[in-house]
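Quick look at my_file-v3.cif (mmCIF, C-alpha atoms and all ligand atoms):
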data_input
#
loop_
_atom_site.label_atom_id
_atom_site.label_comp_id
_atom_site.auth_asym_id
_atom_site.auth_seq_id
_atom_site.Cartn_x
_atom_site.Cartn_y
_atom_site.Cartn_z
CA MET L 1 46.55 -95.61 -15.73
CA ALA L 2 47.72 -95.54 -19.36
CA ASP L 3 48.15 -92.04 -20.73
CA ASN L 4 47.58 -92.61 -24.45
CA MET L 5 46.86 -88.95 -24.98
CA ASN L 6 50.22 -87.89 -23.55
CA TRP L 7 48.50 -85.25 -21.50
CA GLN L 8 51.65 -83.87 -19.92
CA GLN L 9 52.82 -82.52 -23.28
CA ARG L 10 49.43 -81.09 -24.11
CA LEU L 11 49.15 -79.00 -20.97
CA SER L 12 49.69 -75.26 -21.22
CA PRO L 13 53.28 -74.03 -20.77
CA GLY L 14 52.10 -71.96 -17.80
CA VAL L 15 50.70 -74.88 -15.88
CA ASN L 16 53.79 -76.96 -16.61
CA ALA L 17 55.98 -74.12 -15.34
CA ILE L 18 54.45 -73.91 -11.87
CA ALA L 19 55.25 -76.31 -9.05
CA PRO L 20 52.57 -77.72 -6.77
CA SER L 21 52.27 -75.69 -3.56
CA GLY L 22 54.98 -76.63 -1.04
CA ILE L 23 52.39 -76.24 1.70
CA ARG L 24 50.04 -78.99 0.61
CA LYS L 25 52.69 -81.74 0.61
CA PHE L 26 53.04 -81.58 4.39
CA PHE L 27 49.32 -81.52 4.99
CA ASP L 28 48.97 -84.69 2.98
CA ILE L 29 51.52 -86.45 5.22
CA ALA L 30 49.97 -84.95 8.37
CA ALA L 31 46.47 -86.05 7.34
CA GLN L 32 47.56 -89.68 7.60
CA MET L 33 48.91 -89.30 11.16
CA ASP L 34 47.23 -89.16 14.56
CA ASP L 35 47.94 -86.58 17.19
CA VAL L 36 49.39 -83.98 14.86
CA ILE L 37 49.51 -80.38 16.02
CA SER L 38 49.35 -78.19 13.00
CA LEU L 39 51.11 -74.87 12.90
CA GLY L 40 50.90 -75.25 9.17
CA VAL L 41 47.67 -73.78 7.92
CA GLY L 42 47.24 -70.07 7.38
CA GLU L 43 43.64 -70.20 8.46
CA PRO L 44 41.89 -68.77 11.53
CA ASP L 45 40.84 -71.49 13.98
CA PHE L 46 37.76 -69.42 14.86
CA VAL L 47 34.41 -69.94 13.20
CA THR L 48 32.92 -66.91 11.53
CA PRO L 49 31.22 -64.73 14.22
CA TRP L 50 27.59 -65.71 14.69
CA SER L 51 26.00 -62.42 13.62
CA ILE L 52 27.75 -62.76 10.26
CA ARG L 53 26.60 -66.36 9.84
CA GLU L 54 23.11 -65.38 10.96
CA SER L 55 22.87 -62.65 8.34
CA CYS L 56 23.51 -65.30 5.71
CA VAL L 57 20.83 -67.59 7.16
CA TYR L 58 18.42 -64.65 7.17
CA GLY L 59 19.40 -63.82 3.59
CA LEU L 60 18.62 -67.37 2.51
CA GLU L 61 15.25 -67.18 4.27
CA GLN L 62 14.57 -64.00 2.32
CA GLY L 63 15.38 -65.81 -0.94
CA TYR L 64 18.85 -64.40 -1.64
CA THR L 65 19.91 -67.21 -3.94
CA SER L 66 20.47 -65.55 -7.30
CA TYR L 67 23.39 -64.09 -9.22
CA THR L 68 24.26 -60.52 -8.26
CA ALA L 69 25.64 -57.72 -10.42
CA ASN L 70 29.01 -58.80 -11.82
CA ARG L 71 30.77 -56.17 -9.75
CA GLY L 72 29.00 -57.29 -6.58
CA MET L 73 25.96 -56.11 -4.62
CA PRO L 74 25.76 -52.30 -4.53
CA GLU L 75 25.36 -52.25 -0.74
CA LEU L 76 28.52 -54.31 -0.30
CA ARG L 77 30.51 -52.08 -2.65
CA GLN L 78 29.24 -49.07 -0.72
CA GLU L 79 30.30 -50.59 2.62
CA ILE L 80 33.77 -51.27 1.21
CA VAL L 81 34.05 -47.68 0.00
CA ASN L 82 32.86 -46.42 3.42
CA LEU L 83 35.48 -48.57 5.14
CA PHE L 84 38.33 -47.10 3.11
CA LYS L 85 37.13 -43.58 3.74
CA ARG L 86 36.68 -44.22 7.46
CA ARG L 87 39.88 -46.08 8.09
CA TYR L 88 42.38 -44.68 5.60
CA ASN L 89 40.73 -41.52 4.32
CA VAL L 90 40.90 -42.74 0.71
CA ASP L 91 38.02 -41.91 -1.64
CA TYR L 92 36.77 -44.66 -3.92
CA GLU L 93 33.57 -44.73 -5.98
CA ALA L 94 31.24 -47.70 -5.37
CA ASN L 95 30.04 -47.77 -8.99
CA THR L 96 33.37 -47.65 -10.77
CA ASP L 97 36.30 -48.44 -8.46
CA VAL L 98 35.27 -51.68 -6.72
CA LEU L 99 35.02 -55.27 -7.84
CA VAL L 100 33.82 -57.96 -5.41
CA THR L 101 35.68 -61.21 -6.09
CA VAL L 102 35.89 -64.83 -5.06
CA GLY L 103 38.51 -64.14 -2.41
CA VAL L 104 41.72 -62.22 -2.81
CA SER L 105 42.84 -65.27 -4.79
CA GLU L 106 40.55 -64.44 -7.69
CA ALA L 107 41.30 -60.72 -7.41
CA LEU L 108 45.03 -61.43 -7.71
CA ASP L 109 44.56 -63.76 -10.66
CA ILE L 110 42.43 -61.35 -12.66
CA ALA L 111 44.54 -58.33 -11.75
CA MET L 112 47.52 -60.12 -13.28
CA ARG L 113 45.58 -61.22 -16.33
CA ALA L 114 44.18 -57.73 -16.82
CA VAL L 115 47.56 -56.00 -16.92
CA LEU L 116 50.27 -58.43 -18.03
CA ALA L 117 51.45 -59.05 -21.58
CA PRO L 118 53.67 -62.08 -22.27
CA GLY L 119 57.16 -61.48 -20.91
CA ASP L 120 56.26 -58.57 -18.63
CA GLU L 121 58.22 -58.75 -15.40
CA VAL L 122 56.70 -58.57 -11.93
CA LEU L 123 58.88 -57.62 -8.98
CA ILE L 124 57.98 -59.74 -5.97
CA PRO L 125 59.66 -59.25 -2.61
CA GLU L 126 60.40 -62.68 -1.13
CA PRO L 127 59.66 -64.62 1.02
CA CYS L 128 56.09 -64.23 -0.16
CA TYR L 129 52.71 -65.92 -0.36
CA VAL L 130 52.87 -69.03 -2.54
CA SER L 131 50.39 -67.81 -5.17
CA TYR L 132 52.29 -64.72 -6.26
CA GLN L 133 54.71 -66.44 -8.63
CA ALA L 134 52.09 -68.90 -9.87
CA CYS L 135 49.53 -66.19 -10.74
CA THR L 136 52.22 -64.19 -12.52
CA ILE L 137 53.32 -67.17 -14.63
CA LEU L 138 49.76 -68.24 -15.44
CA ALA L 139 49.07 -64.72 -16.72
CA GLY L 140 52.11 -64.94 -19.03
CA GLY L 141 54.36 -62.77 -16.85
CA VAL L 142 57.79 -63.40 -15.40
CA PRO L 143 58.18 -63.28 -11.61
CA VAL L 144 61.37 -61.57 -10.46
CA ALA L 145 62.24 -62.29 -6.84
CA VAL L 146 63.61 -59.51 -4.67
CA PRO L 147 65.02 -61.11 -1.52
CA ALA L 148 64.21 -59.41 1.78
CA LYS L 149 66.59 -59.79 4.71
CA ILE L 150 65.92 -60.89 8.27
CA GLU L 151 68.45 -58.22 9.43
CA ASN L 152 66.03 -55.65 8.03
CA GLU L 153 62.99 -57.37 9.60
CA PHE L 154 62.07 -58.68 6.13
CA ARG L 155 61.15 -55.19 4.92
CA ILE L 156 62.02 -54.35 1.34
CA THR L 157 64.01 -51.27 0.38
CA PRO L 158 64.09 -49.25 -2.86
CA GLU L 159 67.81 -50.09 -3.18
CA GLU L 160 66.95 -53.81 -3.24
CA LEU L 161 64.16 -53.21 -5.74
CA GLU L 162 66.47 -51.11 -7.94
CA GLU L 163 68.81 -54.08 -8.31
CA HIS L 164 66.07 -56.08 -10.05
CA VAL L 165 64.16 -53.56 -12.11
CA THR L 166 64.56 -53.74 -15.91
CA ASP L 167 62.85 -52.11 -18.88
CA LYS L 168 60.45 -55.09 -18.87
CA THR L 169 59.24 -54.51 -15.31
CA LYS L 170 55.56 -53.61 -15.30
CA VAL L 171 54.26 -54.50 -11.86
CA LEU L 172 55.43 -54.43 -8.27
CA LEU L 173 53.47 -56.94 -6.18
CA ILE L 174 53.66 -56.40 -2.42
CA GLY L 175 51.95 -58.11 0.48
CA TYR L 176 52.21 -56.50 3.94
CA PRO L 177 51.60 -57.52 6.68
CA ASN L 178 53.51 -60.38 5.18
CA ASN L 179 52.83 -64.06 4.83
CA PRO L 180 55.10 -65.89 5.82
CA THR L 181 57.34 -63.55 7.84
CA GLY L 182 54.88 -61.39 9.80
CA ALA L 183 56.78 -58.31 8.59
CA ILE L 184 55.09 -54.98 8.15
CA MET L 185 56.24 -51.88 6.32
CA THR L 186 56.20 -48.53 8.14
CA ARG L 187 54.82 -45.44 6.46
CA LYS L 188 58.39 -44.29 5.79
CA ASP L 189 59.31 -47.66 4.22
CA LEU L 190 56.26 -47.53 1.98
CA GLU L 191 56.85 -43.93 0.98
CA ALA L 192 60.29 -44.95 -0.26
CA VAL L 193 58.73 -47.83 -2.23
CA ALA L 194 56.14 -45.41 -3.61
CA ASP L 195 58.90 -43.12 -4.91
CA PHE L 196 60.51 -46.14 -6.54
CA ALA L 197 57.22 -47.17 -8.19
CA GLU L 198 56.70 -43.65 -9.46
CA LYS L 199 60.26 -43.33 -10.76
CA HIS L 200 59.86 -46.51 -12.84
CA ASP L 201 56.18 -45.90 -13.63
CA LEU L 202 55.09 -49.27 -12.24
CA ILE L 203 51.65 -50.61 -11.43
CA VAL L 204 51.55 -51.60 -7.76
CA ILE L 205 49.41 -54.53 -6.70
CA SER L 206 49.08 -54.38 -2.93
CA ASP L 207 47.66 -57.46 -1.20
CA GLU L 208 46.47 -56.16 2.17
CA ILE L 209 44.52 -59.19 3.32
CA TYR L 210 46.27 -59.05 6.71
CA GLY L 211 45.85 -55.28 7.05
CA ASP L 212 43.60 -55.62 10.12
CA LEU L 213 46.03 -57.96 11.85
CA THR L 214 48.80 -55.82 13.32
CA TYR L 215 50.15 -55.91 16.87
CA GLY L 216 51.93 -53.89 19.50
CA GLY L 217 50.37 -50.62 18.35
CA GLU L 218 51.77 -50.95 14.82
CA GLU L 219 49.73 -49.07 12.25
CA HIS L 220 48.80 -50.66 8.92
CA VAL L 221 49.40 -48.17 6.14
CA CYS L 222 47.20 -48.70 3.12
CA PHE L 223 49.34 -48.28 0.01
CA SER L 224 46.72 -46.36 -1.94
CA SER L 225 46.44 -43.83 0.91
CA LEU L 226 49.98 -42.61 0.20
CA PRO L 227 50.29 -39.38 -1.79
CA ARG L 228 49.89 -39.95 -5.56
CA MET L 229 49.60 -43.76 -5.15
CA LYS L 230 45.84 -44.25 -5.40
CA ASP L 231 45.66 -44.24 -9.19
CA ARG L 232 48.76 -46.43 -9.58
CA THR L 233 47.59 -49.11 -7.13
CA ILE L 234 45.35 -52.14 -7.46
CA LEU L 235 44.45 -52.76 -3.86
CA LEU L 236 43.36 -56.26 -2.84
CA ASN L 237 41.63 -57.20 0.37
CA GLY L 238 39.09 -59.64 1.70
CA PHE L 239 37.31 -61.25 4.60
CA SER L 240 39.09 -64.61 4.97
CA LYS L 241 41.58 -63.70 7.66
CA ALA L 242 40.20 -60.74 9.62
CA TYR L 243 36.66 -62.14 9.88
CA ALA L 244 37.53 -65.85 9.90
CA MET L 245 35.69 -66.33 6.61
CA THR L 246 38.08 -68.47 4.54
CA GLY L 247 35.40 -70.87 3.31
CA TRP L 248 33.01 -68.15 2.17
CA ARG L 249 35.35 -67.14 -0.66
CA ILE L 250 34.92 -63.41 -0.72
CA GLY L 251 37.29 -60.52 -1.34
CA TYR L 252 37.59 -57.40 -3.48
CA ALA L 253 39.78 -55.19 -5.61
CA LEU L 254 39.88 -51.39 -5.59
CA GLY L 255 41.47 -49.21 -8.22
CA ASN L 256 41.24 -46.94 -11.19
CA PRO L 257 37.91 -47.37 -13.09
CA THR L 258 39.67 -48.55 -16.27
CA VAL L 259 41.55 -51.39 -14.62
CA ILE L 260 38.55 -52.36 -12.49
CA ALA L 261 36.42 -52.47 -15.66
CA ALA L 262 39.05 -54.68 -17.32
CA MET L 263 39.09 -57.02 -14.34
CA THR L 264 35.29 -57.05 -14.30
CA LYS L 265 35.34 -58.10 -17.97
CA ILE L 266 37.38 -61.21 -17.09
CA HIS L 267 35.35 -61.87 -13.94
CA GLN L 268 32.00 -61.65 -15.77
CA TYR L 269 33.02 -64.43 -18.16
CA THR L 270 34.75 -66.65 -15.63
CA MET L 271 32.95 -66.19 -12.28
CA LEU L 272 29.92 -64.07 -13.13
CA CYS L 273 29.83 -62.92 -9.52
CA ALA L 274 31.01 -63.84 -6.05
CA PRO L 275 28.54 -66.07 -4.14
CA ILE L 276 25.53 -64.04 -3.01
CA THR L 277 25.48 -65.79 0.39
CA ALA L 278 29.02 -64.59 1.05
CA GLN L 279 28.23 -61.08 -0.16
CA VAL L 280 25.29 -60.78 2.24
CA ALA L 281 27.52 -61.97 5.09
CA ALA L 282 30.29 -59.57 4.07
CA VAL L 283 27.89 -56.62 4.33
CA GLU L 284 27.14 -57.65 7.92
CA ALA L 285 30.88 -58.11 8.65
CA LEU L 286 31.59 -54.53 7.55
CA ARG L 287 28.56 -53.05 9.29
CA HIS L 288 28.80 -54.81 12.66
CA GLY L 289 31.77 -57.20 12.65
CA GLU L 290 34.63 -55.01 13.82
CA LYS L 291 34.20 -55.78 17.52
CA TYR L 292 34.48 -59.52 16.86
CA MET L 293 37.46 -58.98 14.62
CA LYS L 294 39.23 -56.98 17.34
CA LYS L 295 38.67 -59.79 19.86
CA MET L 296 40.23 -62.30 17.49
CA VAL L 297 43.17 -59.98 16.86
CA ALA L 298 43.74 -59.63 20.64
CA GLU L 299 43.82 -63.41 20.92
CA TYR L 300 46.30 -63.72 18.01
CA ASP L 301 48.47 -61.20 19.81
CA ARG L 302 48.51 -63.36 22.98
CA ARG L 303 49.52 -66.37 20.91
CA ARG L 304 52.10 -64.36 19.02
CA ARG L 305 53.88 -63.41 22.25
CA LEU L 306 53.77 -66.99 23.53
CA ILE L 307 55.24 -68.49 20.37
CA TYR L 308 57.85 -65.75 19.94
CA ASP L 309 59.06 -66.14 23.54
CA GLY L 310 59.02 -69.92 23.30
CA LEU L 311 60.99 -70.18 20.06
CA THR L 312 63.47 -67.52 21.13
CA LYS L 313 64.13 -69.25 24.47
CA MET L 314 64.93 -72.45 22.58
CA GLY L 315 67.67 -70.55 20.80
CA LEU L 316 66.02 -70.22 17.40
CA GLU L 317 66.76 -66.85 15.82
CA CYS L 318 63.41 -65.16 15.29
CA PHE L 319 62.13 -61.90 13.95
CA GLU L 320 59.28 -60.74 16.20
CA PRO L 321 56.27 -60.67 13.88
CA LYS L 322 54.37 -57.39 13.72
CA GLY L 323 51.39 -58.53 11.69
CA ALA L 324 49.44 -61.43 10.07
CA PHE L 325 49.54 -64.66 12.14
CA TYR L 326 52.86 -66.24 11.21
CA ILE L 327 56.32 -66.45 12.70
CA PHE L 328 59.33 -67.37 10.59
CA PRO L 329 62.20 -68.63 12.78
CA SER L 330 65.59 -69.47 11.37
CA ILE L 331 66.47 -73.15 11.73
CA LYS L 332 69.97 -72.75 10.27
CA SER L 333 71.54 -73.58 13.66
CA THR L 334 70.17 -77.14 13.39
CA GLY L 335 72.10 -77.89 10.20
CA TYR L 336 68.96 -79.15 8.47
CA THR L 337 67.41 -77.73 5.34
CA SER L 338 63.94 -76.34 5.94
CA ASP L 339 62.44 -79.33 4.14
CA GLU L 340 64.38 -81.82 6.25
CA PHE L 341 63.50 -79.96 9.44
CA ALA L 342 59.77 -79.88 8.63
CA GLU L 343 59.68 -83.53 7.62
CA LYS L 344 61.65 -84.80 10.65
CA LEU L 345 59.65 -82.67 13.08
CA LEU L 346 56.44 -83.99 11.60
CA THR L 347 57.44 -87.65 11.62
CA THR L 348 59.09 -87.67 15.06
CA GLU L 349 57.14 -85.11 17.11
CA HIS L 350 53.98 -84.81 15.05
CA VAL L 351 54.14 -81.06 14.65
CA ALA L 352 53.31 -79.73 11.18
CA LEU L 353 54.79 -76.50 9.90
CA VAL L 354 55.84 -75.30 6.48
CA PRO L 355 59.42 -75.20 5.16
CA GLY L 356 60.50 -71.68 4.31
CA SER L 357 61.58 -72.74 0.83
CA ALA L 358 57.88 -72.95 -0.09
CA PHE L 359 57.84 -69.14 -0.02
CA GLY L 360 60.76 -68.58 -2.37
CA ALA L 361 64.43 -69.51 -2.41
CA CYS L 362 65.36 -66.90 0.19
CA GLY L 363 62.93 -68.55 2.64
CA GLU L 364 65.37 -71.48 2.87
CA GLY L 365 66.83 -71.83 6.37
CA HIS L 366 63.51 -70.83 7.94
CA VAL L 367 60.18 -72.48 8.72
CA ARG L 368 56.77 -70.88 8.88
CA CYS L 369 54.66 -71.47 11.98
CA SER L 370 51.11 -70.20 12.02
CA TYR L 371 49.76 -69.10 15.38
CA ALA L 372 46.15 -69.16 14.22
CA THR L 373 45.94 -72.16 16.55
CA ALA L 374 44.56 -72.48 20.10
CA ILE L 375 46.98 -71.40 22.82
CA ASP L 376 47.17 -74.83 24.53
CA LYS L 377 48.07 -76.41 21.20
CA ILE L 378 50.79 -73.83 20.68
CA SER L 379 52.19 -74.61 24.16
CA GLU L 380 52.22 -78.33 23.41
CA ALA L 381 53.79 -77.74 19.99
CA LEU L 382 56.51 -75.63 21.62
CA SER L 383 57.46 -78.39 24.05
CA ARG L 384 57.54 -80.89 21.20
CA ILE L 385 59.78 -78.59 19.15
CA GLU L 386 62.06 -78.14 22.17
CA ASN L 387 62.28 -81.90 22.54
CA PHE L 388 63.04 -82.23 18.84
CA LEU L 389 65.85 -79.68 19.07
CA LYS L 390 67.46 -81.57 21.97
CA ASN L 391 67.64 -84.75 19.95
CA HIS L 392 68.11 -83.51 16.40
CA ARG L 393 71.03 -81.40 15.42
CA LYS L 394 73.20 -82.34 12.50
N1 LIG L 401 46.91 -63.33 0.09
C1 LIG L 401 47.66 -63.80 1.10
C2 LIG L 401 48.90 -63.09 1.49
C3 LIG L 401 47.28 -64.98 1.77
O1 LIG L 401 48.03 -65.44 2.78
C4 LIG L 401 46.11 -65.67 1.35
C5 LIG L 401 45.70 -66.93 1.99
O2 LIG L 401 46.43 -67.54 2.73
C6 LIG L 401 45.38 -65.14 0.29
C7 LIG L 401 45.80 -63.97 -0.31
C8 LIG L 401 44.12 -65.81 -0.21
O3 LIG L 401 43.03 -65.18 0.34
P1 LIG L 401 41.51 -65.52 -0.01
O4 LIG L 401 41.05 -66.54 0.97
O5 LIG L 401 40.81 -64.21 0.15
O6 LIG L 401 41.48 -66.01 -1.41
#

Once you've parsed the file, please lay out its structure as structure tokens.
Ligand code: PLP
Amino acid sequence: MADNMNWQQRLSPGVNAIAPSGIRKFFDIAAQMDDVISLGVGEPDFVTPWSIRESCVYGLEQGYTSYTANRGMPELRQEIVNLFKRRYNVDYEANTDVLVTVGVSEALDIAMRAVLAPGDEVLIPEPCYVSYQACTILAGGVPVAVPAKIENEFRITPEELEEHVTDKTKVLLIGYPNNPTGAIMTRKDLEAVADFAEKHDLIVISDEIYGDLTYGGEEHVCFSSLPRMKDRTILLNGFSKAYAMTGWRIGYALGNPTVIAAMTKIHQYTMLCAPITAQVAAVEALRHGEKYMKKMVAEYDRRRRLIYDGLTKMGLECFEPKGAFYIFPSIKSTGYTSDEFAEKLLTTEHVALVPGSAFGACGEGHVRCSYATAIDKISEALSRIENFLKNHRK
């Protein structure tokens, strides 16, 4: 189609600066093929537990179809506050410290827009979730990658952060349990990061969307529960992963009343409120959903052990994931780039996964496999990958 307007040049510098997500490209190829096993999507294969869905149906019957308060329904904010008290012993105020958002995605976007001035730098440990750089750039900030090492189980250290901090650094954005590596940070690791944040007076945005998904007895440590960190931290969480509620689009931010009010100001002009149907369901998830969530986590753990054993036996160097539902094996031994590996595996064996380069330059040499997939599909994918490795080495 003719582009008489020359749209490309009229787009905002931010949108021209971000690349399309490296994840989507492979789904588009996979969508045109039969018999594909996808280890690509970071999405639970479970449907939302019935009692949560039912609460939404009941809410609709009762006529819950309107806008809610911008900050979210009071009963949902109260349940969120109760959860943080119960689980992490952190005190938040439902009226001032909570904003219910359209997923963690919106919370991340408006957190960045609320705090960044043009040119402010954001430290982002990599490999990381694909939206972190994009949200930073769209808010006028500058993402600064801090590579994490497989030798250190992809945990970040203050020494590594120190190498990248400048007088323009304003925010440290962390996401543990981590997408795409499955890494977690121990209390000791996080305490060291907290000292670093305090030393440089940084805002910490902590994306804890996988906080409920840890395995092998590992504890998730909520960043704002660390001494002196509550006021410094914008804590993001949501329902997509733990409660299999990706399509409902519901999450939240917790933090100091001033920053939550600033985020609410953006949210009230752009979203007004999160969908009421999802808010009603989220109340039910927090009141009665934990038992279902725990069952799903136990099943992810079974899959995690299967995929870790399978990939390791094939000779792929793997860090044993401790959280989320991803594994991030090294494919360096094959001689392929992560892009080549993902494309050849997809076209020859019909297994979709995501090249590690999609999660930052230091993800190169790895691929991300999601084990939010039924166990028989994981088994079949493993035998296809094994077959691929026998026939494809550079
Ligand atoms: N944060 C991380 C680390 C994620 O992996 C994802 C989704 O994959 C999101 C945020 C987005 O979550 P939501 O569905 O709540 O917008």

| task | Considering only C-alpha atoms, return as a ChimeraX atom specification whatever protein or nucleic-acid residues lie within 12 Å of Pro118 of chain L, sequence-local ones (same chain, fewer than 6 positions apart) excluded. | result | /L:14,112,136-143,168-170

Within 7 Å of ligand LIG 401 (chain L) (all atoms listed in the file), residues as a PDB file with C-alpha atoms, in the coordinates of the input:
ATOM      1  CA  GLY L  42      47.240 -70.070   7.380  1.00  0.00           C
ATOM      2  CA  GLU L  43      43.640 -70.200   8.460  1.00  0.00           C
ATOM      3  CA  VAL L 102      35.890 -64.830  -5.060  1.00  0.00           C
ATOM      4  CA  GLY L 103      38.510 -64.140  -2.410  1.00  0.00           C
ATOM      5  CA  VAL L 104      41.720 -62.220  -2.810  1.00  0.00           C
ATOM      6  CA  SER L 105      42.840 -65.270  -4.790  1.00  0.00           C
ATOM      7  CA  GLU L 106      40.550 -64.440  -7.690  1.00  0.00           C
ATOM      8  CA  TYR L 129      52.710 -65.920  -0.360  1.00  0.00           C
ATOM      9  CA  GLY L 175      51.950 -58.110   0.480  1.00  0.00           C
ATOM     10  CA  ASN L 178      53.510 -60.380   5.180  1.00  0.00           C
ATOM     11  CA  ASN L 179      52.830 -64.060   4.830  1.00  0.00           C
ATOM     12  CA  ASP L 207      47.660 -57.460  -1.200  1.00  0.00           C
ATOM     13  CA  ILE L 209      44.520 -59.190   3.320  1.00  0.00           C
ATOM     14  CA  GLY L 238      39.090 -59.640   1.700  1.00  0.00           C
ATOM     15  CA  PHE L 239      37.310 -61.250   4.600  1.00  0.00           C
ATOM     16  CA  SER L 240      39.090 -64.610   4.970  1.00  0.00           C
ATOM     17  CA  THR L 246      38.080 -68.470   4.540  1.00  0.00           C
ATOM     18  CA  ARG L 249      35.350 -67.140  -0.660  1.00  0.00           C
ATOM     19  CA  ILE L 250      34.920 -63.410  -0.720  1.00  0.00           C
ATOM     20  CA  GLY L 251      37.290 -60.520  -1.340  1.00  0.00           C
TER      21      GLY L 251
END

Which residues of segment 80-123 of chain L come within 7 Å of segment 257-275 of chain L, and what is each one's closest atom pair and distance in Å (one decimal), counting all atoms listed in the file, sorted by chain and residue number, as JSON lines?
{"residue": "L:Thr96", "atom": "CA", "partner": "L:Pro257", "partner_atom": "CA", "distance": 5.1}
{"residue": "L:Asp97", "atom": "CA", "partner": "L:Pro257", "partner_atom": "CA", "distance": 5.0}
{"residue": "L:Val98", "atom": "CA", "partner": "L:Ile260", "partner_atom": "CA", "distance": 6.7}
{"residue": "L:Leu99", "atom": "CA", "partner": "L:Ile260", "partner_atom": "CA", "distance": 6.5}
{"residue": "L:Val100", "atom": "CA", "partner": "L:Ala274", "partner_atom": "CA", "distance": 6.5}
{"residue": "L:Thr101", "atom": "CA", "partner": "L:Ala274", "partner_atom": "CA", "distance": 5.4}
{"residue": "L:Val102", "atom": "CA", "partner": "L:Ala274", "partner_atom": "CA", "distance": 5.1}
{"residue": "L:Ile110", "atom": "CA", "partner": "L:Met263", "partner_atom": "CA", "distance": 5.7}
{"residue": "L:Ala111", "atom": "CA", "partner": "L:Met263", "partner_atom": "CA", "distance": 6.2}
{"residue": "L:Ala114", "atom": "CA", "partner": "L:Met263", "partner_atom": "CA", "distance": 5.7}

Residues of segment 33-87 of chain L within 7 Å of segment 351-358 of chain L: nearest atom pair and distance (Å, one decimal) for each, counting all atoms listed in the file, sorted by chain and number, as a Markdown table?
| residue | atom | partner | partner_atom | distance |
| --- | --- | --- | --- | --- |
| L:Val36 | CA | L:Val351 | CA | 5.6 |
| L:Ile37 | CA | L:Val351 | CA | 4.9 |
| L:Ser38 | CA | L:Ala352 | CA | 4.6 |
| L:Leu39 | CA | L:Leu353 | CA | 5.0 |
| L:Gly40 | CA | L:Leu353 | CA | 4.2 |

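Candidate residues L:Ser338, L:Val90, L:Ala183, L:Pro49 were compared for distance to Cys362 of chain L, and the nearest is L:Ser338, using only C-alpha atoms.
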
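Shell of segment 305-309 of chain L at 10 Å, with all atoms listed in the file counted and residues fewer than 3 places along the chain excluded, is Tyr215, Tyr300, Asp301, Arg302, Thr312, Lys313, Met314, Leu316, Glu317, Cys318, Phe319, Glu320, Pro321, Tyr326, Ile327, Phe328, Pro329, Cys369, Ser370, Tyr371, Ile375, Ile378, Ser379, Ala381 and Leu382 of chain L.
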
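Among L:Val171, L:Leu236, L:Ile156, L:Val204, the residue with the shortest atom-to-atom distance to Lys188 of chain L, counting all atoms listed in the file, is L:Ile156.
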